[in-house]
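Enquirer: Here's a structure for you.
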Amino acid sequence: MTLYLTLILLLPLAGGVVNAVIGRKLPRRVVELLACGAVWGAFGCSLLAAAAYAGPQKVELASWLATFDLRAPVALYLDPLSLSLIVMITFVCGIIHVYSTGYMREEADGVRFFALLNLFVFAMLTLVLAENLPLLYLGWEGVGFCSYALIGFWYREEKNVTAGRKAFITTRIGDIAFGIAIVWLFQLLHTVSITELNGMGFLMPVGVVTAIGILLLIGAAGKSAQLPLMVWLPDAMAGPTPVSALIHAATMVTAGVYLLARMYPFIGISPTVQAAIAVTGCVTAFFGASCALAQRDLKRILAYSTISQIGYMTLGVGVGAISAATFHLLVHAFFKALLFLGAGCIITAMHHEQDVFKMGGLRKVIPATFWPFLAGAVCLAGIPLTGGFFSKDAILGAVWARGGALYGSLYGLGLLTALITSFYTFRMIYLVFGGTSAVIPPPSVPHPIPLPKGEGNASSPPPGGEIERGQGKGEGEGEQSGHSTPTPPLPHQGGGRGSVPAIMDLMLIPLALLGLCGGLLDLPAYLGGGFLDRFLGASLTEAGHGEEMILQAVAGIVSLAGLALARYRYGGAARAARVAEAERPSALTRFLYHGWYVDDLYRALFIRPYVRLSRFLWERVDEGIIDDGLDRLADGCGSAGTRLGSWTAGRVSVYVVSLAAGAALLLAWLAWSMMGA
């Protein structure tokens, strides 16, 4: 087992380091083989570890932090939770790596891309396998750095760099809270071992556990884009589409959920922390779903969808349904990776157009993308018998089983969110694939919803949207610079289907199958129960068979109702009317489009006061007092020197007379002193 766990970490690390150091001297195909082979090798080792698994096991690889009573070795811990995640992470990341060989085929800087992709996987695996909090924090910061570098991968465009900085700074807020919690735990319990800490929660006063749990929740909110630190994720779409799939499906945003699930035996002692986690998750789920209703950018729809689905996972952890939350995390990884990779195929086929209101009629044009994408959509919408249906219902059932006014309200809000999710999912399907043709206005036509100040120009895509292109290839230059360019042809208007590499469509198939059949991982109890629930042994709430069937029926009706509403509003002849209405957005549409104006709220509460304070300290204090005071002192010294210098005449005779006069005065003073004595 030690060998397997070591290789799981070292293979992606070695792939990233080799490509970073000598990748530019290697052929492009060799770079891609190294990157893909490293991740698939880690997946093979994960399967071997799963086959050899006989129980929780701790493996210490090396000494790391050791001073006084602090001990934090490079120690890995394999249990059902971490084993489930490393298998999922390595598989989904392997799919994304292979997909990237087609998607980034014209990208000149592919070596940097694949090196960062490998390091991203290494950091996430370190986070999941870490046995102590400092090592987990190392992986935590690793995924933060890699996400910053990959979101701003096309750094020649200012908006991409800004999006990367926004993600980095926002998540740092949560990281500070997480770091404080680690130090506090060590100060109280003199250990940073996760397994030891989870067994010591009963030794602490409930108030202390509550405070530490809130700090961990803030850390998780930053990394998993939960309220109130979710503002970075929609703008993270500035990176290449495979990066979006990697961040949203297999790494980064699931890290916060994993942290809460891993530390739940400790923080779950506090009912206040449980309620705070559940409320945060449920409200975030509703927020993300409501914002997705009004988005025009295909990738931003999926981004807000991720915020919403991660909210469901957080809700599951809050009610103690760790197995249900993990179940949804795994299934979501499959269908969300599928949707993002499918979006990449659509964007490529549409010549890098991302506005769903400028698409349409693609069902017959790109059927190899349509059918897998539809499979991912029905999973996201929670259509009965799909993996997304069973996993989401498991969380809602656990919330219902908790009972009480609070959790009853959360269940109702969760159902409403499920209805909205189904509606915006099929809204996306009908707008992208429905109809007979797409209508793309010339770039000079202003966007119907004004962009926030500083985010693009009138012909740019919605804020945070991505102009998918290879740097230096000249694609999309008109959109990026604001210059007028000819309207790009549609795939069925001369662009051709060959613009989408076959490997990209091929990678959608296994994800579609896993998303549709993912429910087999954890079937309801009335169908015999599921493997995952028994394997994790972490389900703390369970409803009766009859009650569970009723809850599933309700959830199924809600998802089908969302489908029916979307078909009524966007299907058939109604689609053209909705496209026309999109040019005249209502106040509510603008509110949702701009994410409840949370960015503007933060700008008003924090950024502008900070800028004004900085300007005051700069102009009034630094320049007005410090610099001006020093300048005046220097001027005074200079003036005094000038006055003294004016007494000089430059004649030796004058200097001799002055010296003699001074000597005479000195002698006179000495004589007077002696006479007085």
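FYI, nothing fancy with the structure tokens labels: chains A, B, ... in order, residues from 1 per chain, ligands from 1 as they appear.
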Quick one: residues within 12 Å of Leu514 of chain A, only C-alpha atoms counted, chain neighbours fewer than 4 positions away excluded, as an MDAnalysis selection string?
Expert: chainID A and resid 88 91:92 330:338 372 375:376 379 386:388 507:510 518:521
Enquirer: Considering only C-alpha atoms, tabulate each residue of segment 209-302 of chain A that lies at most 10 Å from segment 403-406 of chain A along with its nearest interatomic pair and the corresponding distance in Å to one decimal; arrange the rows by chain and ascending residue number and present them as a Markdown table.
Expert:
| residue | atom | partner | partner_atom | distance |
| --- | --- | --- | --- | --- |
| A:Ala275 | CA | A:Leu406 | CA | 8.3 |
| A:Ala278 | CA | A:Leu406 | CA | 9.6 |
| A:Val279 | CA | A:Leu406 | CA | 8.7 |
Enquirer: Quick one: residues within 8 Å of Val558 of chain A, only C-alpha atoms counted, chain neighbours fewer than 2 positions away excluded, as a list in words?
Expert: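 Residues meeting the cut-off are Leu415, Ala418, Leu419, Val554, Ala555, Gly556, Leu560, Ala561 and Gly562 of chain A.
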Enquirer: Next, dump the selected residues to file, keeping only C-alpha atoms, as a short mmCIF file (atom, residue, chain, number, x, y, z; two decimals), in the first residue's frame.
Expert:
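Output contents, as saved in selection_38.cif:
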data_model
loop_
_atom_site.label_atom_id
_atom_site.label_comp_id
_atom_site.auth_asym_id
_atom_site.auth_seq_id
_atom_site.Cartn_x
_atom_site.Cartn_y
_atom_site.Cartn_z
CA LEU A 415 -36.85 21.56 -3.45
CA ALA A 418 -34.18 21.68 -7.61
CA LEU A 419 -37.08 23.12 -9.62
CA VAL A 554 -41.78 14.52 -4.94
CA ALA A 555 -38.25 15.23 -6.13
CA GLY A 556 -38.96 13.51 -9.44
CA LEU A 560 -40.03 17.04 -14.44
CA ALA A 561 -42.02 20.20 -13.69
CA GLY A 562 -38.88 22.24 -14.34
#
Enquirer: If we count only C-alpha atoms and set the cut-off at 10 Å, which residues sit around Thr2 of chain A, ignoring sequence neighbours fewer than 6 positions away in its own chain? Please answer as a PyMOL selection string.
Expert: chain A and resi 8+49+57-61+76
Enquirer: For Thr369 of chain A, which residue out of A:Ala325, A:Ala502, A:Ala661, A:Met263 is the nearest one, using only C-alpha atoms?
Expert: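 Answer, going by the shortest atom-to-atom distance: A:Ala502.
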Enquirer: Give the alpha helix (DSSP H) residues of segment 5-83 of chain A, as DSSP finds them on the backbone, and put them as a ChimeraX atom specification.
Expert: /A:5-22,28-52,80-83
Enquirer: Could you give me, as a ChimeraX atom specification, the residues within 12 Å of Ile96 of chain A, counting only C-alpha atoms and dropping anything in the same chain fewer than 3 positions from it?
Expert: /A:32,35-36,39-40,89-93,99-104,114,117-118,121,240-251,333-334,336-342,344,503-508,510-511
Enquirer: Please write the residues from the selection above to a file, keeping C-alpha atoms, as a tab-separated table (two decimals), in the first residue's frame.
Expert:
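Okay, selection-v5.tsv is ready:
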chain	number	residue	atom	x	y	z
A	32	GLU	CA	1.23	15.37	-23.82
A	35	ALA	CA	1.22	14.60	-18.70
A	36	CYS	CA	-1.53	12.13	-19.57
A	39	VAL	CA	-2.34	10.95	-14.33
A	40	TRP	CA	-3.48	7.65	-15.80
A	89	ILE	CA	-9.98	12.53	-9.05
A	90	THR	CA	-7.43	10.52	-11.01
A	91	PHE	CA	-10.05	9.17	-13.44
A	92	VAL	CA	-11.80	12.47	-14.18
A	93	CYS	CA	-8.50	14.35	-14.38
A	99	TYR	CA	-9.43	16.00	-23.84
A	100	SER	CA	-6.93	18.85	-23.49
A	101	THR	CA	-4.64	17.34	-26.13
A	102	GLY	CA	-7.36	18.10	-28.66
A	103	TYR	CA	-8.65	21.33	-27.17
A	104	MET	CA	-5.21	22.93	-26.79
A	114	PHE	CA	0.16	20.58	-19.04
A	117	LEU	CA	-2.43	20.67	-14.94
A	118	ASN	CA	-0.23	17.89	-13.51
A	121	VAL	CA	-3.70	17.05	-9.68
A	240	PRO	CA	-9.40	27.44	-20.89
A	241	THR	CA	-12.42	25.14	-20.74
A	242	PRO	CA	-10.44	22.07	-19.53
A	243	VAL	CA	-9.32	24.21	-16.58
A	244	SER	CA	-12.95	25.03	-15.82
A	245	ALA	CA	-13.77	21.33	-15.89
A	246	LEU	CA	-10.83	20.54	-13.62
A	247	ILE	CA	-11.69	23.23	-11.08
A	248	HIS	CA	-15.43	22.57	-11.01
A	249	ALA	CA	-15.53	18.79	-11.25
A	250	ALA	CA	-12.55	17.03	-9.71
A	251	THR	CA	-10.48	19.56	-7.78
A	333	ALA	CA	-17.77	15.26	-10.77
A	334	PHE	CA	-18.83	13.00	-13.64
A	336	LYS	CA	-20.18	18.47	-14.43
A	337	ALA	CA	-16.93	17.48	-16.14
A	338	LEU	CA	-19.10	16.15	-18.97
A	339	LEU	CA	-21.01	19.44	-19.24
A	340	PHE	CA	-17.90	21.61	-19.24
A	341	LEU	CA	-16.07	19.45	-21.75
A	342	GLY	CA	-19.22	19.38	-23.87
A	344	GLY	CA	-15.82	23.25	-24.94
A	503	ILE	CA	-10.81	13.01	-29.21
A	504	MET	CA	-12.85	15.74	-27.54
A	505	ASP	CA	-16.18	14.12	-28.36
A	506	LEU	CA	-14.81	10.69	-27.51
A	507	MET	CA	-13.94	11.74	-23.96
A	508	LEU	CA	-17.57	12.67	-23.31
A	510	PRO	CA	-17.41	7.53	-20.44
A	511	LEU	CA	-18.44	10.56	-18.40
Enquirer: Neighbouring residues of Gly318 of chain A were defined as those with any atom within 12 Å, considering only C-alpha atoms; residues of the same chain fewer than 3 positions away were excluded. Please report them as a PyMOL selection string.
Expert: chain A and resi 213+217+257+260-261+263-265+267-282+311-315+321-325+395-396+398-399+402+407+410+540-541
Enquirer: Could those residues be written to a file, using C-alpha atoms, as a JSON list (two decimals), in the first residue's frame?
Expert:
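Result file follows (part_3.json):
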[["chain", "number", "residue", "atom", "x", "y", "z"],
["A", 213, "GLY", "CA", -16.05, 24.93, 13.29],
["A", 217, "LEU", "CA", -16.58, 26.72, 7.50],
["A", 257, "VAL", "CA", -16.64, 20.02, 1.20],
["A", 260, "LEU", "CA", -15.85, 19.68, 6.41],
["A", 261, "ALA", "CA", -16.56, 16.00, 5.85],
["A", 263, "MET", "CA", -13.36, 17.10, 10.24],
["A", 264, "TYR", "CA", -17.05, 16.36, 10.86],
["A", 265, "PRO", "CA", -16.45, 14.00, 13.82],
["A", 267, "ILE", "CA", -17.02, 19.94, 14.47],
["A", 268, "GLY", "CA", -20.26, 17.91, 14.35],
["A", 269, "ILE", "CA", -20.37, 17.96, 18.14],
["A", 270, "SER", "CA", -21.72, 21.51, 17.93],
["A", 271, "PRO", "CA", -25.37, 21.84, 16.78],
["A", 272, "THR", "CA", -24.64, 25.47, 15.94],
["A", 273, "VAL", "CA", -21.91, 24.49, 13.50],
["A", 274, "GLN", "CA", -24.16, 21.87, 11.92],
["A", 275, "ALA", "CA", -26.91, 24.45, 11.43],
["A", 276, "ALA", "CA", -24.45, 27.04, 10.09],
["A", 277, "ILE", "CA", -23.06, 24.58, 7.54],
["A", 278, "ALA", "CA", -26.54, 23.48, 6.46],
["A", 279, "VAL", "CA", -27.88, 27.04, 6.12],
["A", 280, "THR", "CA", -24.78, 28.18, 4.22],
["A", 281, "GLY", "CA", -25.07, 25.27, 1.79],
["A", 282, "CYS", "CA", -28.80, 25.60, 1.18],
["A", 311, "GLY", "CA", -24.20, 24.06, -1.89],
["A", 312, "TYR", "CA", -26.17, 20.81, -1.91],
["A", 313, "MET", "CA", -23.05, 18.91, -0.82],
["A", 314, "THR", "CA", -22.42, 21.39, 1.98],
["A", 315, "LEU", "CA", -26.06, 21.03, 3.05],
["A", 321, "ALA", "CA", -25.27, 12.81, 5.78],
["A", 322, "ILE", "CA", -21.60, 12.39, 4.90],
["A", 323, "SER", "CA", -22.24, 9.46, 2.58],
["A", 324, "ALA", "CA", -24.99, 11.37, 0.73],
["A", 325, "ALA", "CA", -22.72, 14.41, 0.34],
["A", 395, "ILE", "CA", -29.29, 14.82, 0.52],
["A", 396, "LEU", "CA", -32.84, 16.18, 0.51],
["A", 398, "ALA", "CA", -31.46, 13.45, 4.95],
["A", 399, "VAL", "CA", -32.53, 17.07, 5.46],
["A", 402, "ARG", "CA", -33.70, 15.86, 10.61],
["A", 407, "TYR", "CA", -34.47, 21.82, 8.53],
["A", 410, "LEU", "CA", -34.16, 24.09, 4.30],
["A", 540, "LEU", "CA", -26.25, 9.47, 10.26],
["A", 541, "THR", "CA", -29.84, 10.13, 9.10]]
Enquirer: Of the candidates A:Leu536, A:Ala634, A:Leu605, A:Ala368, which shows the shortest atom-to-atom distance to Pro80 of chain A, using only C-alpha atoms?
Expert: A:Leu536
Enquirer: Write out as a list in words each polymer residue whose atoms come within 9 Å of Leu215 of chain A, counting only C-alpha atoms; drop sequence neighbours fewer than 5 positions from it.
Expert: Gly174, Ile176, Ala177, Phe178, Gly179, Ile180, Ala181, Thr210 and Ala220 of chain A
Enquirer: Suppose we keep C-alpha atoms; can you now write the selection as a JSON list (two decimals), in the first residue's frame?
Expert:
[["chain", "number", "residue", "atom", "x", "y", "z"],
["A", 174, "GLY", "CA", -10.91, 31.55, 3.74],
["A", 176, "ILE", "CA", -6.54, 32.71, 6.74],
["A", 177, "ALA", "CA", -9.49, 31.43, 8.76],
["A", 178, "PHE", "CA", -8.42, 27.83, 8.11],
["A", 179, "GLY", "CA", -4.85, 28.64, 9.17],
["A", 180, "ILE", "CA", -6.08, 30.21, 12.43],
["A", 181, "ALA", "CA", -8.11, 27.08, 13.12],
["A", 210, "THR", "CA", -18.30, 26.09, 17.58],
["A", 220, "ALA", "CA", -14.39, 25.82, 3.12]]
Enquirer: Would you work out the distance separating atom CA of Phe426 of chain A from atom CA of Ala580 of chain A, expressed in Å to one decimal?
Expert: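 The value is 18.3 Å.
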